Every structure is written in C-alpha cells, then in structure tokens.
Amino acid sequence: MKTVDLRSDTVTKPTPAMRAAMAAAEVGDDVFGDDPSVNALQARMAALTGMEDALLMPSGTQSNLCALMAHCERGDEYLVGQMAHTYRYEGGGAAVLGSIQPQPLAQDGQGLMGLADIAAAIKPDDPHFARTRLLCLENTWNGHPMPTAYLAEATALARSRGLACHLDGARVFNAAVHAAGPGGDPFAALREITRHFDSVSVCCSKGLGAPVGSVLCGSRALIARARRWRKVVGGGMRQAGVLAAAIDHALDHHVHRLRDDHARAARLADGLRGLPGLAVRSAATNIVFVDVDGGRGGELLAHLAARGILATGLIGLRFVTHLDVDDDGIERTIAAVREFCTRPASTAATAPRAPDSPY
Ligand SMILES: *Cc1c(COP(=O)(O)O)cnc(C)c1O
C-alpha cells in the first residue's frame with residue numbers, strides 16, 4: 001500500500017525527469033561564481049521576481065537569515081508576525097547570529113498583522129530603542145494567501161516610515177497560482193506580489209518539488225551583502241548546478257500544477273467538513289488544519305498511520321498536499337478519517353496541545 005504522506009510539501013522526491021535534468025547539468029565551482037547552471041537559475045529567478053539579482057541558498061532558513069542580516073545591522077530590529085516562520089521557527093537565528101532584535105506582532109487568523117499595530121511598533125530615533133529597519137511578511141502563511149490590498153498597504157506604510165520590506169515567500173508560488181486563478185498566468189501574479197518588496201525568499205524544496213534549495217532575490221547591493229553572510233554561515237556551495245538544474249526543471253514543469261494541490265486540499269477539506277468531532281480550517285492553497293475534539297488528535301494520527309497515511313500535529317492536525325499526493329490518496333484519507341469519526345471513542349488520555357508544525 002502506497003504511503004500517503006501529508007506531513008509537508010517538503011517530502012516530495014525528485015521525479016525521474018528532474019533527476020535526468022540534474023544528471024545533465026553543467027557545473028562549476030559556485031563559490032568562484034563559475035557554475036553556469038547556478039548563474040542561469042539566479043538570473044531567471046531575479047527576472048521572475050522583478051529583482052536585480054538573486055542568490056541560491058541551501059535552505060529557506062538560511063535565505064531568510066542572510067536577508068535579515070543584509071537588511072539590518074547589530075542593534076536594528078525587524079517587525080514580524082508572532083507566528084511567522086522568520087520569528088518562531090528559525091531558532092531565533094536573527095537574534096543569535098545577527099544581533100537583530102525581533103519585534104513580534106499579533107496576527108489574525110489569516111496571518112495578517114494590524115496596520116495600526118505595525119505603525120505603533122515603529123520606534124522613534126532615540127537611543128532607548130532598537131532601530132526599526134524592516135517589515136517582514138510571509139505569503140502564504142499557513143496556506144493563506146495574503147490579500148493584494150494588504151500587501152500594498154502594509155508595505156506602503158513601512159516605506160513611508162523608512163523601513164525596507166522582506167517577504168518570506170517560502171510558498172509564494174502557491175500564492176501566485178491562487179492569485180492567478182484558473183487560466184491566469186502565475187508568473188504575472190508572482191510579480192504583482194513581489195513588486196511590493198525589497199527582497200523575497202522563495203523555497204524550491206516545498207511545493208515546487210526540488211530536493212534542496214531556496215533563492216533569495218533583491219537588489220544587487222542587498223544580494224552582495226547576503227552573499228557575504230551566506231559564506232559566513234557556511235552556505236557557500238561548490239558544484240551546486242545539480243541543484244539549480246532541479247529548480248530550473250521545477251520552474252518549467254511544477255508551477256502550474258500547484259493548482260492540482262490546491263484542488264486536492266479543497267477536496268480533502270470538503271470531505272472532512274461536517275464529520276463529528278472535527279473542526280476543519282482550510283486555507284485557500286495546499287494546507288488543511290483539522291482540530292480534533294476531546295484530545296483525540298494523537299489517536300487520529302495513529303489511526304491514519306496504521307493505514308499508511310501521515311500527517312502532523314496533535315489537536316490541530318495539519319495535512320499538506322503536494323506533487324506526490326494523488327486523488328486516490330485524498331480519497332483514502334477522507335475514508336480513514338470518516339471511519340475514525342464514526343466509531344465509538346476510546347478512553348485514551350487527553351494529549352497536551354502542541355505548537356503547530358513548523359515544516
Ligand atoms: C519551510 C519554510 C521556511 C524555511 O525553509 P527551510 O528550507 O525548511 O529552512 C521559511 N519560511 C516558511 C514560511 C516556510 O514554510
């Protein structure tokens with residue numbers, strides 16, 4: 001029985017065609033700037049996001065870290081969501097390694113920080129305060145695409161107060177495909193999102209299905225600073241063209257198909273909605289959260305695992321669709337959850353609430 005792995009869109013394996021592209025890649029030493037595949041990919045991603053330059057990074061965490069360190073100096077601060085990846089799920093790297101103070105702000109159910117809260121958090125130029133330098137947004141956040149009007153308003157507010165704007169766009173292609181709608185051009189939609197920012201970090205090892213890699217995009221000057229920090233934190237890679245080739249292949253073949261992931265997540269949410277003991281909170285893209293009554297989340301996970309279906313969480317379970325999940329996997333998941341919800345409850349001890357999955 002094939003495993004249906006809904007833990008994260010990071011679990012995708014490179015397709016045979018992607019592996020062939022990787023095997024055929026021309027390579028060189030990228031620390032010397034000699035890798036033609038890396039150089040071509042960076043130029044392509046810069047053009048796609050409307051930025052001057054781009055830099056291939058080993059991970060999204062490192063990409064965000066180098067971006068924060070390129071924007072901010074010691075004693076500066078960035079405004080960021082309380083539940084944002086760049087604050088909560090990156091080991092405090094900006095503070096630990098960059099001496100950059102985070103100023104976390106509350107987010108609503110869609111991940112949006114209040115504009116008044118952003119304005120109030122910007123500190124005056126006074127030695128009592130850290131220097132507020134940067135607004136950091138995340139799109140999608142927990143699968144929720146950021147409304148275009150919000151992107152425009154929040155970044156305009158930040159700019160009017162002298163702040164730069166960084167987008168953690170780990171899943172920005174999901175946001176772009178959603179914004180483009182059926183028949184629309186996701187690449188045009190991507191530029192409509194990225195044009196509001198000074199820098200954007202894009203994960204290629206999530207929905208795009210590459211095995212490794214994120215790309216940081218920004219101005220030439222910003223990318224030059226980020227390149228220094230990438231070396232400092234150990235992210236200078238040598239024949240990285242094999243990874244660039246995988247990402248290039250993904251940009252050719254795995255962008256439009258993100259629609260399928262969104263449709264499957266919607267189907268999963270529809271199939272689970274209304275089942276007894278569940279509250280389904282679906283986002284518009286590829287992530288579905290399911291709250292399980294009575295502390296039975298762990299029990300449901302075990303029930304699913306016994307049937308070859310993997311998810312994460314405890315009370316709030318998370319299901320993420322991706323390239324390696326098909327319609328049959330979704331129907332099997334719905335059937336297995338339904339079986340669990342319609343049978344009598346056991347007397348299992350209630351499990352404690354765990355934070356939502358960071359993956
Ligand atoms: C996954 C993710 C990252 C970090 O990516 P890694 O490659 O796992 O380090 C950053 N931000 C968001 C929103 C993510 O989902």
# chains A, B, ... in the order shown; residues from 1 in each chain; ligands from 1

$ residues_near_ligand --ligand "ligand 1" --cutoff "8 Å" --atoms "only C-alpha atoms and all ligand atoms" --output "PDB file with all heavy atoms, in the first residue's frame"
ATOM      1  N   THR A  10       7.431  19.389   1.858  1.00  0.00           N
ATOM      2  CA  THR A  10       8.889  19.178   1.767  1.00  0.00           C
ATOM      3  C   THR A  10       9.243  17.722   1.478  1.00  0.00           C
ATOM      4  O   THR A  10      10.407  17.430   1.215  1.00  0.00           O
ATOM      5  CB  THR A  10       9.583  19.549   3.095  1.00  0.00           C
ATOM      6  OG1 THR A  10       8.952  18.809   4.146  1.00  0.00           O
ATOM      7  CG2 THR A  10       9.466  21.026   3.388  1.00  0.00           C
ATOM      8  N   PRO A  58      21.123  27.103   0.463  1.00  0.00           N
ATOM      9  CA  PRO A  58      20.816  25.708   0.798  1.00  0.00           C
ATOM     10  C   PRO A  58      19.428  25.521   1.400  1.00  0.00           C
ATOM     11  O   PRO A  58      18.841  24.452   1.262  1.00  0.00           O
ATOM     12  CB  PRO A  58      21.885  25.330   1.831  1.00  0.00           C
ATOM     13  CG  PRO A  58      22.948  26.356   1.709  1.00  0.00           C
ATOM     14  CD  PRO A  58      22.295  27.592   1.195  1.00  0.00           C
ATOM     15  N   SER A  59      18.913  26.514   2.115  1.00  0.00           N
ATOM     16  CA  SER A  59      17.611  26.339   2.780  1.00  0.00           C
ATOM     17  C   SER A  59      16.899  27.681   2.908  1.00  0.00           C
ATOM     18  O   SER A  59      17.519  28.748   2.795  1.00  0.00           O
ATOM     19  CB  SER A  59      17.803  25.753   4.188  1.00  0.00           C
ATOM     20  OG  SER A  59      18.380  26.739   5.033  1.00  0.00           O
ATOM     21  N   GLY A  60      15.607  27.588   3.183  1.00  0.00           N
ATOM     22  CA  GLY A  60      14.816  28.800   3.394  1.00  0.00           C
ATOM     23  C   GLY A  60      15.221  29.517   4.663  1.00  0.00           C
ATOM     24  O   GLY A  60      15.213  30.752   4.728  1.00  0.00           O
ATOM     25  N   THR A  61      15.577  28.746   5.675  1.00  0.00           N
ATOM     26  CA  THR A  61      16.006  29.351   6.937  1.00  0.00           C
ATOM     27  C   THR A  61      17.257  30.193   6.716  1.00  0.00           C
ATOM     28  O   THR A  61      17.343  31.342   7.176  1.00  0.00           O
ATOM     29  CB  THR A  61      16.271  28.236   7.981  1.00  0.00           C
ATOM     30  OG1 THR A  61      15.050  27.520   8.186  1.00  0.00           O
ATOM     31  CG2 THR A  61      16.774  28.798   9.288  1.00  0.00           C
ATOM     32  N   GLN A  62      18.220  29.631   5.979  1.00  0.00           N
ATOM     33  CA  GLN A  62      19.446  30.386   5.726  1.00  0.00           C
ATOM     34  C   GLN A  62      19.179  31.600   4.829  1.00  0.00           C
ATOM     35  O   GLN A  62      19.785  32.660   5.005  1.00  0.00           O
ATOM     36  CB  GLN A  62      20.513  29.490   5.097  1.00  0.00           C
ATOM     37  CG  GLN A  62      21.846  30.180   5.044  1.00  0.00           C
ATOM     38  CD  GLN A  62      22.953  29.270   4.563  1.00  0.00           C
ATOM     39  OE1 GLN A  62      23.350  29.329   3.412  1.00  0.00           O
ATOM     40  NE2 GLN A  62      23.441  28.404   5.438  1.00  0.00           N
ATOM     41  N   SER A  63      18.267  31.432   3.890  1.00  0.00           N
ATOM     42  CA  SER A  63      17.926  32.527   2.990  1.00  0.00           C
ATOM     43  C   SER A  63      17.308  33.695   3.765  1.00  0.00           C
ATOM     44  O   SER A  63      17.701  34.860   3.600  1.00  0.00           O
ATOM     45  CB  SER A  63      16.956  31.998   1.923  1.00  0.00           C
ATOM     46  OG  SER A  63      16.653  32.991   0.983  1.00  0.00           O
ATOM     47  N   ASN A  64      16.347  33.382   4.651  1.00  0.00           N
ATOM     48  CA  ASN A  64      15.749  34.442   5.469  1.00  0.00           C
ATOM     49  C   ASN A  64      16.783  35.076   6.396  1.00  0.00           C
ATOM     50  O   ASN A  64      16.820  36.297   6.576  1.00  0.00           O
ATOM     51  CB  ASN A  64      14.588  33.881   6.304  1.00  0.00           C
ATOM     52  CG  ASN A  64      13.320  33.692   5.485  1.00  0.00           C
ATOM     53  OD1 ASN A  64      13.014  34.504   4.595  1.00  0.00           O
ATOM     54  ND2 ASN A  64      12.585  32.646   5.759  1.00  0.00           N
ATOM     55  N   ALA A  84       5.077  33.959  12.698  1.00  0.00           N
ATOM     56  CA  ALA A  84       5.775  33.911  11.403  1.00  0.00           C
ATOM     57  C   ALA A  84       6.982  32.984  11.500  1.00  0.00           C
ATOM     58  O   ALA A  84       7.632  32.893  12.542  1.00  0.00           O
ATOM     59  CB  ALA A  84       6.240  35.309  11.010  1.00  0.00           C
ATOM     60  N   HIS A  85       7.277  32.332  10.391  1.00  0.00           N
ATOM     61  CA  HIS A  85       8.410  31.411  10.358  1.00  0.00           C
ATOM     62  C   HIS A  85       9.709  32.110  10.750  1.00  0.00           C
ATOM     63  O   HIS A  85      10.504  31.582  11.520  1.00  0.00           O
ATOM     64  CB  HIS A  85       8.526  30.799   8.955  1.00  0.00           C
ATOM     65  CG  HIS A  85       9.211  29.468   8.941  1.00  0.00           C
ATOM     66  ND1 HIS A  85      10.569  29.333   9.043  1.00  0.00           N
ATOM     67  CD2 HIS A  85       8.714  28.208   8.851  1.00  0.00           C
ATOM     68  CE1 HIS A  85      10.879  28.040   9.003  1.00  0.00           C
ATOM     69  NE2 HIS A  85       9.777  27.336   8.889  1.00  0.00           N
ATOM     70  N   THR A  86       9.914  33.328  10.225  1.00  0.00           N
ATOM     71  CA  THR A  86      11.178  34.046  10.467  1.00  0.00           C
ATOM     72  C   THR A  86      11.343  34.477  11.923  1.00  0.00           C
ATOM     73  O   THR A  86      12.432  34.885  12.325  1.00  0.00           O
ATOM     74  CB  THR A  86      11.280  35.305   9.582  1.00  0.00           C
ATOM     75  OG1 THR A  86      10.004  35.925   9.548  1.00  0.00           O
ATOM     76  CG2 THR A  86      11.702  34.957   8.187  1.00  0.00           C
ATOM     77  N   TYR A  89      10.118  29.949  14.002  1.00  0.00           N
ATOM     78  CA  TYR A  89      10.555  28.608  13.596  1.00  0.00           C
ATOM     79  C   TYR A  89      11.961  28.585  12.995  1.00  0.00           C
ATOM     80  O   TYR A  89      12.288  27.663  12.256  1.00  0.00           O
ATOM     81  CB  TYR A  89       9.551  28.013  12.601  1.00  0.00           C
ATOM     82  CG  TYR A  89       8.167  27.814  13.171  1.00  0.00           C
ATOM     83  CD1 TYR A  89       7.073  28.529  12.679  1.00  0.00           C
ATOM     84  CD2 TYR A  89       7.945  26.907  14.214  1.00  0.00           C
ATOM     85  CE1 TYR A  89       5.798  28.336  13.192  1.00  0.00           C
ATOM     86  CE2 TYR A  89       6.676  26.718  14.739  1.00  0.00           C
ATOM     87  CZ  TYR A  89       5.603  27.433  14.230  1.00  0.00           C
ATOM     88  OH  TYR A  89       4.349  27.239  14.749  1.00  0.00           O
ATOM     89  N   GLU A  90      12.758  29.601  13.265  1.00  0.00           N
ATOM     90  CA  GLU A  90      14.106  29.600  12.709  1.00  0.00           C
ATOM     91  C   GLU A  90      15.165  29.712  13.799  1.00  0.00           C
ATOM     92  O   GLU A  90      16.251  30.280  13.588  1.00  0.00           O
ATOM     93  CB  GLU A  90      14.218  30.684  11.609  1.00  0.00           C
ATOM     94  CG  GLU A  90      13.271  30.338  10.453  1.00  0.00           C
ATOM     95  CD  GLU A  90      13.276  31.269   9.258  1.00  0.00           C
ATOM     96  OE1 GLU A  90      14.098  32.204   9.204  1.00  0.00           O
ATOM     97  OE2 GLU A  90      12.428  31.048   8.378  1.00  0.00           O
ATOM     98  N   GLU A 138       4.953  37.207   5.379  1.00  0.00           N
ATOM     99  CA  GLU A 138       5.033  35.802   4.944  1.00  0.00           C
ATOM    100  C   GLU A 138       3.810  35.470   4.084  1.00  0.00           C
ATOM    101  O   GLU A 138       2.679  35.694   4.494  1.00  0.00           O
ATOM    102  CB  GLU A 138       5.070  34.908   6.186  1.00  0.00           C
ATOM    103  CG  GLU A 138       5.206  33.429   5.895  1.00  0.00           C
ATOM    104  CD  GLU A 138       5.382  32.628   7.198  1.00  0.00           C
ATOM    105  OE1 GLU A 138       6.076  33.090   8.125  1.00  0.00           O
ATOM    106  OE2 GLU A 138       4.785  31.543   7.282  1.00  0.00           O
ATOM    107  N   ASN A 139       4.062  34.958   2.865  1.00  0.00           N
ATOM    108  CA  ASN A 139       2.968  34.687   1.915  1.00  0.00           C
ATOM    109  C   ASN A 139       3.322  33.464   1.085  1.00  0.00           C
ATOM    110  O   ASN A 139       4.319  33.509   0.366  1.00  0.00           O
ATOM    111  CB  ASN A 139       2.789  35.913   0.996  1.00  0.00           C
ATOM    112  CG  ASN A 139       1.550  35.826   0.131  1.00  0.00           C
ATOM    113  OD1 ASN A 139       0.652  35.033   0.403  1.00  0.00           O
ATOM    114  ND2 ASN A 139       1.505  36.630  -0.919  1.00  0.00           N
ATOM    115  N   THR A 140       2.569  32.360   1.165  1.00  0.00           N
ATOM    116  CA  THR A 140       1.426  32.171   2.025  1.00  0.00           C
ATOM    117  C   THR A 140       1.855  31.953   3.476  1.00  0.00           C
ATOM    118  O   THR A 140       2.962  31.519   3.742  1.00  0.00           O
ATOM    119  CB  THR A 140       0.607  30.923   1.593  1.00  0.00           C
ATOM    120  OG1 THR A 140       1.422  29.748   1.747  1.00  0.00           O
ATOM    121  CG2 THR A 140       0.201  31.022   0.126  1.00  0.00           C
ATOM    122  N   TRP A 141       0.921  32.233   4.395  1.00  0.00           N
ATOM    123  CA  TRP A 141       1.130  31.939   5.803  1.00  0.00           C
ATOM    124  C   TRP A 141       0.155  30.838   6.189  1.00  0.00           C
ATOM    125  O   TRP A 141      -1.059  31.024   6.026  1.00  0.00           O
ATOM    126  CB  TRP A 141       0.871  33.191   6.650  1.00  0.00           C
ATOM    127  CG  TRP A 141       0.972  32.918   8.125  1.00  0.00           C
ATOM    128  CD1 TRP A 141       2.109  32.842   8.878  1.00  0.00           C
ATOM    129  CD2 TRP A 141      -0.124  32.658   9.024  1.00  0.00           C
ATOM    130  NE1 TRP A 141       1.792  32.538  10.184  1.00  0.00           N
ATOM    131  CE2 TRP A 141       0.428  32.414  10.294  1.00  0.00           C
ATOM    132  CE3 TRP A 141      -1.515  32.583   8.869  1.00  0.00           C
ATOM    133  CZ2 TRP A 141      -0.365  32.127  11.412  1.00  0.00           C
ATOM    134  CZ3 TRP A 141      -2.294  32.288   9.972  1.00  0.00           C
ATOM    135  CH2 TRP A 141      -1.713  32.071  11.235  1.00  0.00           C
ATOM    136  N   ASN A 142       0.677  29.699   6.668  1.00  0.00           N
ATOM    137  CA  ASN A 142      -0.173  28.542   6.979  1.00  0.00           C
ATOM    138  C   ASN A 142      -1.137  28.240   5.826  1.00  0.00           C
ATOM    139  O   ASN A 142      -2.275  27.855   6.048  1.00  0.00           O
ATOM    140  CB  ASN A 142      -0.973  28.778   8.269  1.00  0.00           C
ATOM    141  CG  ASN A 142      -0.161  28.401   9.498  1.00  0.00           C
ATOM    142  OD1 ASN A 142       0.946  27.876   9.398  1.00  0.00           O
ATOM    143  ND2 ASN A 142      -0.709  28.666  10.667  1.00  0.00           N
ATOM    144  N   ASP A 168       9.050  36.592   3.255  1.00  0.00           N
ATOM    145  CA  ASP A 168       9.333  35.168   3.356  1.00  0.00           C
ATOM    146  C   ASP A 168       8.317  34.493   2.433  1.00  0.00           C
ATOM    147  O   ASP A 168       7.181  34.237   2.810  1.00  0.00           O
ATOM    148  CB  ASP A 168       9.181  34.703   4.807  1.00  0.00           C
ATOM    149  CG  ASP A 168       9.408  33.197   4.944  1.00  0.00           C
ATOM    150  OD1 ASP A 168       9.653  32.529   3.911  1.00  0.00           O
ATOM    151  OD2 ASP A 168       9.332  32.698   6.082  1.00  0.00           O
ATOM    152  N   GLY A 169       8.768  34.254   1.226  1.00  0.00           N
ATOM    153  CA  GLY A 169       7.885  33.660   0.204  1.00  0.00           C
ATOM    154  C   GLY A 169       8.196  32.190   0.003  1.00  0.00           C
ATOM    155  O   GLY A 169       8.270  31.721  -1.129  1.00  0.00           O
ATOM    156  N   ALA A 170       8.370  31.476   1.128  1.00  0.00           N
ATOM    157  CA  ALA A 170       8.646  30.039   1.018  1.00  0.00           C
ATOM    158  C   ALA A 170       7.625  29.396   0.066  1.00  0.00           C
ATOM    159  O   ALA A 170       7.980  28.607  -0.795  1.00  0.00           O
ATOM    160  CB  ALA A 170       8.598  29.386   2.387  1.00  0.00           C
ATOM    161  N   ARG A 171       6.354  29.772   0.234  1.00  0.00           N
ATOM    162  CA  ARG A 171       5.299  29.230  -0.630  1.00  0.00           C
ATOM    163  C   ARG A 171       4.664  30.325  -1.499  1.00  0.00           C
ATOM    164  O   ARG A 171       3.465  30.302  -1.770  1.00  0.00           O
ATOM    165  CB  ARG A 171       4.233  28.531   0.217  1.00  0.00           C
ATOM    166  CG  ARG A 171       4.757  27.308   0.973  1.00  0.00           C
ATOM    167  CD  ARG A 171       3.651  26.456   1.572  1.00  0.00           C
ATOM    168  NE  ARG A 171       4.193  25.270   2.218  1.00  0.00           N
ATOM    169  CZ  ARG A 171       4.529  25.186   3.512  1.00  0.00           C
ATOM    170  NH1 ARG A 171       4.358  26.215   4.318  1.00  0.00           N
ATOM    171  NH2 ARG A 171       5.015  24.057   4.000  1.00  0.00           N
ATOM    172  N   CYS A 203      11.197  29.251  -1.455  1.00  0.00           N
ATOM    173  CA  CYS A 203      11.629  27.862  -1.219  1.00  0.00           C
ATOM    174  C   CYS A 203      11.354  27.035  -2.464  1.00  0.00           C
ATOM    175  O   CYS A 203      10.244  27.066  -2.994  1.00  0.00           O
ATOM    176  CB  CYS A 203      10.844  27.233  -0.076  1.00  0.00           C
ATOM    177  SG  CYS A 203      11.613  27.407   1.522  1.00  0.00           S
ATOM    178  N   SER A 205      12.162  23.669  -2.372  1.00  0.00           N
ATOM    179  CA  SER A 205      12.069  22.283  -1.902  1.00  0.00           C
ATOM    180  C   SER A 205      10.720  22.002  -1.258  1.00  0.00           C
ATOM    181  O   SER A 205      10.535  20.987  -0.610  1.00  0.00           O
ATOM    182  CB  SER A 205      13.184  22.000  -0.905  1.00  0.00           C
ATOM    183  OG  SER A 205      13.071  22.869   0.200  1.00  0.00           O
ATOM    184  N   LYS A 206       9.757  22.904  -1.440  1.00  0.00           N
ATOM    185  CA  LYS A 206       8.392  22.646  -0.948  1.00  0.00           C
ATOM    186  C   LYS A 206       7.525  22.275  -2.145  1.00  0.00           C
ATOM    187  O   LYS A 206       7.834  21.328  -2.856  1.00  0.00           O
ATOM    188  CB  LYS A 206       7.894  23.843  -0.166  1.00  0.00           C
ATOM    189  CG  LYS A 206       8.723  23.990   1.096  1.00  0.00           C
ATOM    190  CD  LYS A 206       8.087  24.750   2.193  1.00  0.00           C
ATOM    191  CE  LYS A 206       8.909  24.548   3.455  1.00  0.00           C
ATOM    192  NZ  LYS A 206       8.844  25.677   4.354  1.00  0.00           N
ATOM    193  N   VAL A 212      16.442  20.299  -2.791  1.00  0.00           N
ATOM    194  CA  VAL A 212      17.179  21.230  -1.925  1.00  0.00           C
ATOM    195  C   VAL A 212      17.109  22.616  -2.541  1.00  0.00           C
ATOM    196  O   VAL A 212      17.139  22.741  -3.766  1.00  0.00           O
ATOM    197  CB  VAL A 212      18.690  20.852  -1.857  1.00  0.00           C
ATOM    198  CG1 VAL A 212      19.466  21.844  -0.995  1.00  0.00           C
ATOM    199  CG2 VAL A 212      18.897  19.429  -1.346  1.00  0.00           C
ATOM    200  N   GLY A 213      17.058  23.644  -1.706  1.00  0.00           N
ATOM    201  CA  GLY A 213      17.323  24.968  -2.228  1.00  0.00           C
ATOM    202  C   GLY A 213      16.231  25.994  -2.059  1.00  0.00           C
ATOM    203  O   GLY A 213      15.048  25.714  -2.173  1.00  0.00           O
ATOM    204  N   SER A 214      16.678  27.202  -1.737  1.00  0.00           N
ATOM    205  CA  SER A 214      15.826  28.385  -1.738  1.00  0.00           C
ATOM    206  C   SER A 214      16.584  29.440  -2.522  1.00  0.00           C
ATOM    207  O   SER A 214      17.804  29.344  -2.670  1.00  0.00           O
ATOM    208  CB  SER A 214      15.587  28.887  -0.313  1.00  0.00           C
ATOM    209  OG  SER A 214      14.597  28.105   0.329  1.00  0.00           O
ATOM    210  N   PRO A 358       6.047  23.401  12.228  1.00  0.00           N
ATOM    211  CA  PRO A 358       6.794  24.467  11.562  1.00  0.00           C
ATOM    212  C   PRO A 358       7.228  24.104  10.148  1.00  0.00           C
ATOM    213  O   PRO A 358       7.847  24.903   9.489  1.00  0.00           O
ATOM    214  CB  PRO A 358       8.026  24.626  12.455  1.00  0.00           C
ATOM    215  CG  PRO A 358       8.246  23.263  13.033  1.00  0.00           C
ATOM    216  CD  PRO A 358       6.878  22.669  13.172  1.00  0.00           C
ATOM    217  N   TYR A 359       6.992  22.875   9.704  1.00  0.00           N
ATOM    218  CA  TYR A 359       7.658  22.427   8.483  1.00  0.00           C
ATOM    219  C   TYR A 359       7.072  23.003   7.216  1.00  0.00           C
ATOM    220  O   TYR A 359       5.978  22.733   6.876  1.00  0.00           O
ATOM    221  CB  TYR A 359       7.663  20.894   8.396  1.00  0.00           C
ATOM    222  CG  TYR A 359       8.310  20.303   9.622  1.00  0.00           C
ATOM    223  CD1 TYR A 359       7.564  19.592  10.538  1.00  0.00           C
ATOM    224  CD2 TYR A 359       9.644  20.536   9.876  1.00  0.00           C
ATOM    225  CE1 TYR A 359       8.140  19.071  11.674  1.00  0.00           C
ATOM    226  CE2 TYR A 359      10.230  20.016  11.015  1.00  0.00           C
ATOM    227  CZ  TYR A 359       9.478  19.295  11.906  1.00  0.00           C
ATOM    228  OH  TYR A 359      10.050  18.793  13.032  1.00  0.00           O
TER     229      TYR A 359
END

$ select_by_dssp --residues "stretch 192-315 of chain A" --states "strand (DSSP E or B)" --output "JSON, numbers by chain"
{"A": [199, 200, 201, 202, 203, 214, 215, 216, 217, 218, 278, 279, 280, 281, 282, 287, 288, 289, 290, 291, 292, 309, 310, 312]}

$ residues_around --residues "A:Thr3" --least-positions-apart "3" --cutoff "10 Å" --atoms "only C-alpha atoms" --output "list in words"
Leu6, Ala305, Arg307, Gly308, Ile309, Leu310, Asp324, Val325 and Gly329 of chain A

$ closest_residue --among "A:Leu135, A:Cys72, A:Leu216, A:Val288" --to "A:Leu268" --atoms "only C-alpha atoms"
A:Val288

$ residues_around --residues "A:Pro14" --least-positions-apart "6" --cutoff "12 Å" --atoms "only C-alpha atoms" --output "list in words"
Ala20, Ala21, Met22, Ala23, Cys204, Ser205, Lys206, Gly207, Leu208, Gly209, Ala210, Pro211, Val212, Val242, Leu243, Ala245, Ala246, Ile247, His249, Ala250, His254, Leu323 and Asp324 of chain A

$ closest_residue --among "A:Ala283, A:Met237, A:Leu272, A:Leu190" --to "A:Asp30" --atoms "only C-alpha atoms"
A:Met237

$ select_by_dssp --residues "stretch 12-199 of chain A" --states "helix (DSSP H, G or I)" --output "ChimeraX atom specification"
/A:16-23,30-32,36-49,60-71,85-88,93-98,115-121,148-160,172-180,186-194

$ residues_around --residues "A:Ala302" --least-positions-apart "3" --cutoff "12 Å" --atoms "only C-alpha atoms" --output "JSON, numbers by chain"
{"A": [296, 297, 298, 299, 305, 306, 307, 308, 309, 310, 311, 312, 313, 314, 317, 336, 337, 340]}

$ atom_distance --atom1 "atom CA of A:Gln82" --atom2 "atom CA of A:Ala154"
16.1 Å

$ residues_around --residues "stretch 149-152 of chain A" --least-positions-apart "3" --cutoff "9 Å" --atoms "only C-alpha atoms" --output "mmCIF file with N, CA and C atoms, in the first residue's frame"
data_model
loop_
_atom_site.group_PDB
_atom_site.id
_atom_site.type_symbol
_atom_site.label_atom_id
_atom_site.label_comp_id
_atom_site.auth_asym_id
_atom_site.auth_seq_id
_atom_site.Cartn_x
_atom_site.Cartn_y
_atom_site.Cartn_z
ATOM 1 N N LEU A 112 -2.431 38.061 9.196
ATOM 2 C CA LEU A 112 -2.175 39.486 8.959
ATOM 3 C C LEU A 112 -1.945 40.230 10.280
ATOM 4 N N LEU A 115 -2.461 47.008 10.714
ATOM 5 C CA LEU A 115 -1.655 48.136 10.235
ATOM 6 C C LEU A 115 -1.370 49.114 11.381
ATOM 7 N N LEU A 137 7.078 40.087 6.035
ATOM 8 C CA LEU A 137 5.784 39.422 5.852
ATOM 9 C C LEU A 137 6.001 38.004 5.329
ATOM 10 N N MET A 146 -1.906 36.132 1.099
ATOM 11 C CA MET A 146 -2.118 37.475 1.624
ATOM 12 C C MET A 146 -2.911 38.293 0.617
ATOM 13 N N THR A 155 3.139 47.391 3.055
ATOM 14 C CA THR A 155 4.476 47.771 2.590
ATOM 15 C C THR A 155 4.554 49.288 2.361
ATOM 16 N N ALA A 156 3.445 49.910 1.934
ATOM 17 C CA ALA A 156 3.455 51.374 1.760
ATOM 18 C C ALA A 156 3.630 52.061 3.120
ATOM 19 N N LEU A 157 2.953 51.518 4.128
ATOM 20 C CA LEU A 157 3.093 52.073 5.481
ATOM 21 C C LEU A 157 4.553 51.959 5.941
ATOM 22 N N ILE A 193 2.934 40.285 -6.675
ATOM 23 C CA ILE A 193 3.212 40.136 -5.238
ATOM 24 C C ILE A 193 4.595 40.711 -4.911
ATOM 25 N N HIS A 196 6.092 44.597 -4.384
ATOM 26 C CA HIS A 196 5.959 45.398 -3.168
ATOM 27 C C HIS A 196 7.167 45.294 -2.237
#

$ residues_around --residues "A:Ala121" --least-positions-apart "6" --cutoff "9 Å" --atoms "only C-alpha atoms" --output "list in words"
Leu79, Gln103, Leu105 and Thr132 of chain A

$ write_last_selection --atoms "all heavy atoms" --output "compact mmCIF listing (two decimals), in the first residue's frame"
# COMPACT_ATOMS: atom_id res chain seq x y z
N LEU A 79 10.13 44.02 12.25
CA LEU A 79 8.76 43.76 12.67
C LEU A 79 8.30 42.49 11.98
O LEU A 79 8.45 42.34 10.76
CB LEU A 79 7.83 44.92 12.29
CG LEU A 79 8.27 46.32 12.72
CD1 LEU A 79 7.20 47.35 12.33
CD2 LEU A 79 8.53 46.37 14.22
N GLN A 103 10.73 42.25 16.66
CA GLN A 103 9.58 42.84 17.35
C GLN A 103 8.36 42.09 16.84
O GLN A 103 7.79 42.43 15.79
CB GLN A 103 9.46 44.34 17.03
CG GLN A 103 8.14 44.97 17.50
CD GLN A 103 7.92 44.87 18.99
OE1 GLN A 103 8.56 45.53 19.78
NE2 GLN A 103 6.99 44.00 19.40
N LEU A 105 4.58 40.80 16.38
CA LEU A 105 3.26 41.42 16.50
C LEU A 105 2.19 40.35 16.30
O LEU A 105 2.39 39.38 15.56
CB LEU A 105 3.08 42.50 15.43
CG LEU A 105 4.06 43.69 15.49
CD1 LEU A 105 3.84 44.62 14.30
CD2 LEU A 105 3.90 44.45 16.80
N THR A 132 14.25 50.49 14.20
CA THR A 132 13.32 49.67 13.42
C THR A 132 13.66 49.83 11.93
O THR A 132 13.58 50.94 11.40
CB THR A 132 11.86 50.12 13.68
OG1 THR A 132 11.67 50.28 15.08
CG2 THR A 132 10.89 49.11 13.13

$ closest_residue --among "A:Val177, A:Asp293, A:Leu222, A:Val233" --to "A:His262" --atoms "only C-alpha atoms"
A:Val177

$ closest_residue --among "A:Asp270, A:Glu52, A:Asp291, A:Asp117" --to "A:Glu331" --atoms "only C-alpha atoms"
A:Asp270

$ closest_residue --among "A:Ser219, A:Thr49, A:Thr342, A:Gln101" --to "A:Glu73" --atoms "only C-alpha atoms"
A:Gln101

$ closest_residue --among "A:Arg318, A:His144, A:His71, A:His303" --to "A:Arg225" --atoms "only C-alpha atoms"
A:His71

$ atom_distance --atom1 "atom CA of A:Val200" --atom2 "atom CA of A:His166"
5.8 Å

$ atom_distance --atom1 "atom CA of A:Gly277" --atom2 "atom CA of A:Val292"
5.9 Å
